[in-house]
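See below for coords_26.cif, which holds mmCIF, C-alpha atoms and all ligand atoms.
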data_query
loop_
_atom_site.label_atom_id
_atom_site.label_comp_id
_atom_site.auth_asym_id
_atom_site.auth_seq_id
_atom_site.Cartn_x
_atom_site.Cartn_y
_atom_site.Cartn_z
CA MET A 1 -11.57 -17.92 -8.70
CA PRO A 2 -14.94 -17.38 -6.96
CA ILE A 3 -17.93 -15.77 -8.65
CA THR A 4 -19.14 -12.72 -6.75
CA SER A 5 -21.47 -9.74 -7.04
CA ALA A 6 -18.65 -7.34 -6.11
CA GLU A 7 -17.17 -5.58 -9.11
CA TYR A 8 -13.59 -6.26 -8.08
CA ILE A 9 -11.92 -9.35 -6.66
CA LEU A 10 -8.60 -8.80 -4.96
CA THR A 11 -6.54 -11.94 -4.58
CA TYR A 12 -3.76 -11.86 -2.02
CA PHE A 13 -2.49 -13.49 1.14
CA PRO A 14 -4.07 -12.85 4.59
CA ILE A 15 -1.56 -10.11 5.43
CA ARG A 16 -1.35 -6.38 4.62
CA GLY A 17 1.73 -6.65 2.41
CA ARG A 18 1.54 -5.25 -1.09
CA ALA A 19 -2.25 -5.22 -1.09
CA GLU A 20 -2.94 -2.93 1.82
CA HIS A 21 -2.79 0.41 0.03
CA ILE A 22 -5.14 -1.03 -2.58
CA ARG A 23 -7.54 -2.11 0.17
CA LEU A 24 -7.30 1.35 1.77
CA LEU A 25 -8.14 2.98 -1.57
CA LEU A 26 -11.11 0.66 -2.16
CA GLU A 27 -12.34 1.09 1.40
CA ASP A 28 -12.06 4.88 1.39
CA CYS A 29 -13.98 5.12 -1.88
CA LYS A 30 -16.56 2.58 -0.64
CA ILE A 31 -15.96 0.48 -3.74
CA PRO A 32 -17.37 -3.03 -3.23
CA TYR A 33 -14.66 -5.68 -3.52
CA GLN A 34 -14.23 -9.27 -2.59
CA GLN A 35 -11.12 -10.51 -0.87
CA ASN A 36 -9.88 -13.79 -2.23
CA LEU A 37 -7.45 -14.81 0.49
CA ILE A 38 -4.95 -17.51 -0.38
CA ALA A 39 -3.80 -19.91 2.31
CA ASN A 40 -0.16 -21.02 2.32
CA GLU A 41 -1.08 -24.63 1.59
CA ASP A 42 -2.97 -23.66 -1.59
CA TRP A 43 -0.38 -21.27 -2.94
CA LYS A 44 2.05 -23.73 -4.53
CA GLN A 45 -0.60 -25.13 -6.85
CA LEU A 46 -2.13 -21.74 -7.69
CA LYS A 47 1.32 -20.32 -8.43
CA ALA A 48 1.94 -23.13 -10.91
CA GLN A 49 -1.51 -22.86 -12.53
CA GLY A 50 -1.87 -19.07 -12.55
CA PRO A 51 0.39 -18.26 -15.50
CA GLU A 52 -1.24 -21.12 -17.52
CA THR A 53 -4.79 -19.81 -17.07
CA GLY A 54 -3.71 -16.15 -17.10
CA GLU A 55 -5.42 -15.61 -13.75
CA ILE A 56 -2.13 -15.05 -11.92
CA PRO A 57 -0.08 -13.74 -14.83
CA PHE A 58 3.38 -13.60 -13.24
CA ALA A 59 3.01 -16.23 -10.50
CA GLN A 60 2.82 -13.59 -7.78
CA LEU A 61 0.14 -11.71 -5.88
CA PRO A 62 -1.71 -9.37 -5.60
CA VAL A 63 -3.97 -9.80 -8.61
CA LEU A 64 -7.11 -7.77 -9.24
CA GLN A 65 -9.89 -9.35 -11.25
CA HIS A 66 -12.32 -7.01 -12.97
CA ASP A 67 -14.58 -8.52 -15.63
CA LYS A 68 -12.23 -10.42 -17.92
CA LEU A 69 -9.17 -8.54 -16.76
CA TYR A 70 -6.66 -10.18 -14.41
CA LEU A 71 -4.28 -7.43 -13.42
CA ALA A 72 -1.01 -8.11 -11.61
CA GLN A 73 1.50 -5.67 -10.07
CA SER A 74 0.36 -3.69 -7.04
CA GLY A 75 1.24 -0.34 -8.66
CA ALA A 76 -0.72 -1.13 -11.82
CA ILE A 77 -3.70 -2.25 -9.71
CA ALA A 78 -3.68 0.92 -7.58
CA ARG A 79 -3.44 3.07 -10.74
CA TYR A 80 -6.24 1.15 -12.47
CA ILE A 81 -8.64 1.73 -9.59
CA ALA A 82 -7.47 5.33 -9.25
CA ARG A 83 -8.14 6.05 -12.93
CA ARG A 84 -11.61 4.54 -12.77
CA HIS A 85 -12.59 6.24 -9.50
CA LYS A 86 -11.03 9.69 -9.90
CA LYS A 87 -8.15 9.22 -7.50
CA TYR A 88 -5.32 9.87 -9.97
CA GLY A 89 -5.27 13.69 -9.79
CA GLN A 90 -7.21 16.25 -11.76
CA ASN A 91 -4.81 17.15 -14.54
CA GLU A 92 -1.54 15.95 -16.10
CA MET A 93 0.59 17.77 -13.56
CA GLU A 94 -1.27 16.24 -10.61
CA MET A 95 -1.20 12.80 -12.22
CA SER A 96 2.56 13.03 -12.72
CA LEU A 97 3.04 14.20 -9.15
CA ALA A 98 0.91 11.28 -7.92
CA ASP A 99 3.18 8.93 -9.92
CA MET A 100 6.29 10.55 -8.48
CA MET A 101 4.98 10.34 -4.92
CA TYR A 102 3.86 6.74 -5.34
CA ASP A 103 7.31 5.72 -6.59
CA THR A 104 9.02 7.67 -3.80
CA VAL A 105 6.90 5.85 -1.23
CA SER A 106 7.66 2.51 -2.97
CA ASP A 107 11.38 3.24 -2.51
CA ILE A 108 10.82 3.74 1.23
CA ARG A 109 8.82 0.51 1.36
CA GLN A 110 11.69 -1.32 -0.32
CA VAL A 111 14.09 -0.06 2.35
CA TYR A 112 11.67 -1.46 4.94
CA ARG A 113 11.47 -4.82 3.16
CA ASP A 114 15.25 -5.11 2.86
CA PHE A 115 15.48 -4.47 6.59
CA ILE A 116 12.64 -6.64 7.85
CA PHE A 117 13.63 -9.69 5.77
CA ASP A 118 17.31 -9.37 6.69
CA GLU A 119 18.51 -12.23 8.90
CA ASN A 120 20.49 -9.66 10.89
CA TRP A 121 17.62 -7.22 11.18
CA GLN A 122 18.27 -6.59 14.87
CA ALA A 123 21.80 -5.39 14.18
CA LYS A 124 20.57 -3.21 11.32
CA ARG A 125 17.64 -1.61 13.12
CA GLU A 126 19.35 1.67 13.99
CA LYS A 127 20.67 2.16 10.45
CA PHE A 128 17.24 1.38 9.03
CA VAL A 129 15.49 3.90 11.31
CA GLU A 130 18.04 6.57 10.32
CA ASN A 131 17.59 5.81 6.62
CA ALA A 132 13.78 5.81 6.83
CA SER A 133 13.81 9.04 8.84
CA ASN A 134 16.05 10.75 6.27
CA ARG A 135 13.68 9.72 3.51
CA PHE A 136 10.67 11.02 5.45
CA ALA A 137 12.59 14.28 6.00
CA LEU A 138 12.98 14.75 2.24
CA LEU A 139 9.31 14.02 1.70
CA GLU A 140 8.38 16.48 4.44
CA LYS A 141 10.55 19.19 2.88
CA TYR A 142 8.97 18.68 -0.53
CA VAL A 143 5.33 18.60 0.58
CA ASN A 144 5.74 21.47 3.02
CA ARG A 145 6.58 23.78 0.11
CA ARG A 146 3.37 22.76 -1.65
CA ASN A 147 1.36 22.99 1.55
CA THR A 148 -1.61 20.82 0.56
CA PRO A 149 -3.40 18.45 2.96
CA TYR A 150 -2.60 15.44 0.80
CA LEU A 151 0.49 14.60 -1.23
CA VAL A 152 -0.75 16.10 -4.46
CA GLY A 153 -3.60 18.44 -3.59
CA GLU A 154 -6.85 18.97 -1.73
CA ASP A 155 -8.08 15.42 -2.31
CA THR A 156 -6.42 12.03 -1.96
CA THR A 157 -4.75 10.18 -4.81
CA PHE A 158 -3.63 6.55 -4.89
CA ALA A 159 -0.21 7.71 -3.62
CA ASP A 160 -1.69 8.85 -0.27
CA TYR A 161 -2.97 5.38 0.65
CA HIS A 162 0.49 4.00 -0.11
CA LEU A 163 2.13 6.60 2.12
CA LEU A 164 -0.28 5.97 5.00
CA GLU A 165 0.46 2.25 4.92
CA VAL A 166 4.23 2.75 4.71
CA ILE A 167 4.15 5.12 7.70
CA HIS A 168 2.05 2.59 9.63
CA ILE A 169 4.41 -0.33 8.95
CA ILE A 170 7.52 1.67 9.86
CA GLN A 171 5.84 2.94 13.03
CA ARG A 172 5.68 -0.71 14.11
CA VAL A 173 9.49 -0.65 14.13
CA GLN A 174 9.89 2.86 15.55
CA SER A 175 6.67 4.35 16.90
CA ASP A 176 7.87 8.00 16.86
CA ILE A 177 9.42 7.86 13.38
CA ILE A 178 7.40 10.80 12.01
CA LYS A 179 7.37 12.86 15.21
CA PRO A 180 9.82 15.48 13.86
CA TYR A 181 7.75 15.93 10.71
CA SER A 182 4.67 18.09 11.22
CA TRP A 183 3.23 17.73 7.73
CA LEU A 184 3.45 13.94 7.90
CA GLY A 185 1.78 14.05 11.33
CA SER A 186 -1.14 16.13 10.01
CA PHE A 187 -1.31 13.92 6.95
CA CYS A 188 -1.76 10.81 9.10
CA GLN A 189 -4.46 12.54 11.12
CA ASN A 190 -6.24 13.63 7.92
CA MET A 191 -6.09 10.13 6.49
CA GLU A 192 -6.99 8.26 9.67
CA SER A 193 -9.96 10.53 10.36
CA ARG A 194 -11.54 10.00 6.96
CA PRO A 195 -14.70 8.14 8.07
CA ASN A 196 -14.32 5.12 5.80
CA ILE A 197 -10.64 4.72 6.66
CA ALA A 198 -11.33 5.11 10.39
CA GLU A 199 -14.01 2.43 10.16
CA TYR A 200 -11.76 0.10 8.16
CA LEU A 201 -8.77 0.45 10.49
CA LYS A 202 -10.94 -0.72 13.39
CA SER A 203 -12.67 -3.49 11.46
CA SER A 204 -11.97 -7.22 11.34
CA ARG A 205 -11.22 -6.80 7.60
CA ARG A 206 -7.92 -5.20 8.54
CA PHE A 207 -4.99 -7.60 8.98
CA GLU A 208 -2.45 -6.89 11.64
CA LYS A 209 0.73 -8.13 9.99
CA PRO A 210 2.44 -6.15 7.24
CA VAL A 211 4.54 -9.22 6.35
CA PRO A 212 4.44 -12.78 7.70
CA LEU A 213 7.28 -12.42 10.19
CA PRO A 214 7.00 -12.45 14.00
CA HIS A 215 9.08 -9.29 14.40
CA ALA A 216 7.18 -7.23 11.80
N1 LIG B 301 6.15 -6.20 -8.16
C1 LIG B 301 5.10 -7.06 -7.64
C2 LIG B 301 5.71 -7.98 -6.59
C3 LIG B 301 4.72 -9.03 -6.14
C4 LIG B 301 5.29 -9.90 -5.03
O1 LIG B 301 6.49 -9.86 -4.71
N2 LIG B 301 4.39 -10.68 -4.45
C5 LIG B 301 4.76 -11.57 -3.37
C6 LIG B 301 3.96 -11.23 -2.12
S1 LIG B 301 4.24 -9.59 -1.58
C7 LIG B 301 4.41 -12.99 -3.76
O2 LIG B 301 3.52 -13.24 -4.54
N3 LIG B 301 5.13 -13.93 -3.14
C8 LIG B 301 4.88 -15.34 -3.31
C9 LIG B 301 5.75 -15.96 -4.37
O3 LIG B 301 6.51 -15.25 -5.06
O4 LIG B 301 5.67 -17.17 -4.53
C10 LIG B 301 3.96 -6.19 -7.07
O5 LIG B 301 4.21 -5.06 -6.67
O6 LIG B 301 2.81 -6.66 -7.08
#
Give the structure from the file, written as structure tokens.
Amino acid sequence: MPITSAEYILTYFPIRGRAEHIRLLLEDCKIPYQQNLIANEDWKQLKAQGPETGEIPFAQLPVLQHDKLYLAQSGAIARYIARRHKKYGQNEMEMSLADMMYDTVSDIRQVYRDFIFDENWQAKREKFVENASNRFALLEKYVNRRNTPYLVGEDTTFADYHLLEVIHIIQRVQSDIIKPYSWLGSFCQNMESRPNIAEYLKSSRRFEKPVPLPHA
């Protein structure tokens, strides 16, 4: 993998996919990172080599390189950066809530993946939108009781970047998906108006596609 002056190297494909919430976290915190983007034609060989060298431990991406550490699993990567850059919550309760929220958002993302990769996605669209909306309704109910600007408190945690990305990808299927949910609407505005996020969303560093499918 390339040598760079950036502290972190994030290896992934040129899509948003499972790396985007990590990129959003790095961008918002202005943490220098290098993108190591893997082209389709190079992937087969890297996938075979990666577990041998330890640089792609489980033959999948994303992988974050930091010093001698090669860290796989998007959740572990987000948590690692969050721990090091004070985005994991301020006490044990907040950290546990951030974990809970992250996993809840991951469940919603999985529902999206099951739908978008389904050969019969067109026939399943309505059911998917209903399912996603019900899950957002539960999230809305929970966070409304806490009444904080972000999922866990007054500042962002790694879970917030994950939620923003999951809302964005589902809005590509159904643009008004969060319209009934006022907290989620304000949350998106809060996140999107953070200066570093606003700049990133407009930049050429941002990929358009959440997954490599024409209908996504
Ligand atoms: N649980 C892993 C899943 C990683 C994963 O499924 N990566 C996919 C891309 S999103 C991949 O590497 N696909 C190529 C392959 O498996 O050959 C994570 O969250 O990082």
Find the nearest atom pair between each residue of chain A and ligand LIG 301 (chain B) for residues within 9 Å, count only C-alpha atoms and all ligand atoms, give distances in Å to one decimal, sort rows by chain and ascending number, and present the table as CSV.
residue,atom,partner,partner_atom,distance
A:Tyr12,CA,B:LIG301,C6,7.7
A:Phe13,CA,B:LIG301,C6,7.6
A:Arg16,CA,B:LIG301,S1,8.9
A:Gly17,CA,B:LIG301,S1,5.6
A:Arg18,CA,B:LIG301,S1,5.1
A:Ala19,CA,B:LIG301,S1,7.8
A:Trp43,CA,B:LIG301,O4,7.5
A:Lys44,CA,B:LIG301,O4,7.5
A:Lys47,CA,B:LIG301,O4,6.6
A:Phe58,CA,B:LIG301,C3,8.5
A:Ala59,CA,B:LIG301,O3,6.5
A:Gln60,CA,B:LIG301,O2,3.3
A:Leu61,CA,B:LIG301,O2,3.9
A:Pro62,CA,B:LIG301,O6,5.5
A:Val63,CA,B:LIG301,O6,7.6
A:Ala72,CA,B:LIG301,O6,6.1
A:Gln73,CA,B:LIG301,O6,3.4
A:Ser74,CA,B:LIG301,O6,3.9
A:Gly75,CA,B:LIG301,O5,5.9
A:Ala76,CA,B:LIG301,O6,8.1
A:Ile77,CA,B:LIG301,O6,8.3
A:Val211,CA,B:LIG301,S1,7.9
Report, in Å to a single decimal, how far apart CA of Arg194 (chain A) and CA of Thr104 (chain A) are. 23.3 Å
Residues near region 121-136 of chain A, anyone? I mean within 9 Å using all atoms listed in the file, not counting same-chain ones fewer than 2 positions away, as a PyMOL selection string. chain A and resi 104+108+111-112+114-119+138-141+170+173-174+177-178+181+184
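Comparing A:Gln65, A:Thr157, A:Thr53, A:Asn120 by their smallest distance to Asn91 (chain A), the closest is A:Thr157 (using only C-alpha atoms).
Going from CA of Trp183 (chain A) over to CA of Gly153 (chain A), you cover 13.2 Å.
Distance check against Met191 (chain A) using all atoms listed in the file: of A:Glu92, A:Glu52, A:Glu165, A:Asp67, the minimum falls on A:Glu165.
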Which polymer residues have any atom within 12 Å of an atom of Asp103 (chain A), counting all atoms listed in the file, with same-chain residues fewer than 4 positions away left out, as number ranges by chain? A: 74-76, 79, 96-99, 107-110, 139, 158-160, 162-163
Can you tell me which residues surround Leu25 (chain A) at a distance of at most 8 Å, considering all atoms listed in the file, apart from same-chain residues fewer than 3 positions away, and format the answer as a ChimeraX atom specification? /A:21-22,28-29,78,158,161
Select, from A:Gln49, A:Ser203, A:Asn190, A:Pro210, the residue with the minimum atom-to-atom distance to Gln171 (chain A), counting all atoms listed in the file. A:Pro210
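With distances restricted to all atoms listed in the file, A:His168 is the closest residue to Ala216 (chain A) from A:Leu24, A:His168, A:Tyr102, A:Asn196.
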So how many Å separate CA of Ala39 (chain A) and CA of Pro14 (chain A), to one decimal? 7.4 Å
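With distances restricted to only C-alpha atoms, A:Leu10 is the closest residue to Asn36 (chain A) from A:Ile56, A:Leu10, A:Ala82, A:Met95.
Remark: for Leu151 (chain A), the closest of the candidate residues A:Gly89, A:Pro212, A:Pro180, A:Gly54 is A:Gly89 (distances computed over all atoms listed in the file).
Excluding Glu7 (chain A) itself and any same-chain residue fewer than 4 positions from it, the protein and nucleic acid residues within 10 Å of it, counting only C-alpha atoms, are A:Ile31, A:Pro32, A:Tyr33, A:Gln34, A:Gln65, A:His66, A:Asp67.
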With all atoms of region 13-22 of chain A from the file as input, state the centre and edge lengths in Å to one decimal of the axis-aligned box that has 5 Å extra on each side, as AutoDock Vina command-line options.
--center_x -1.7 --center_y -6.5 --center_z 1.4 --size_x 16.9 --size_y 23.9 --size_z 18.0
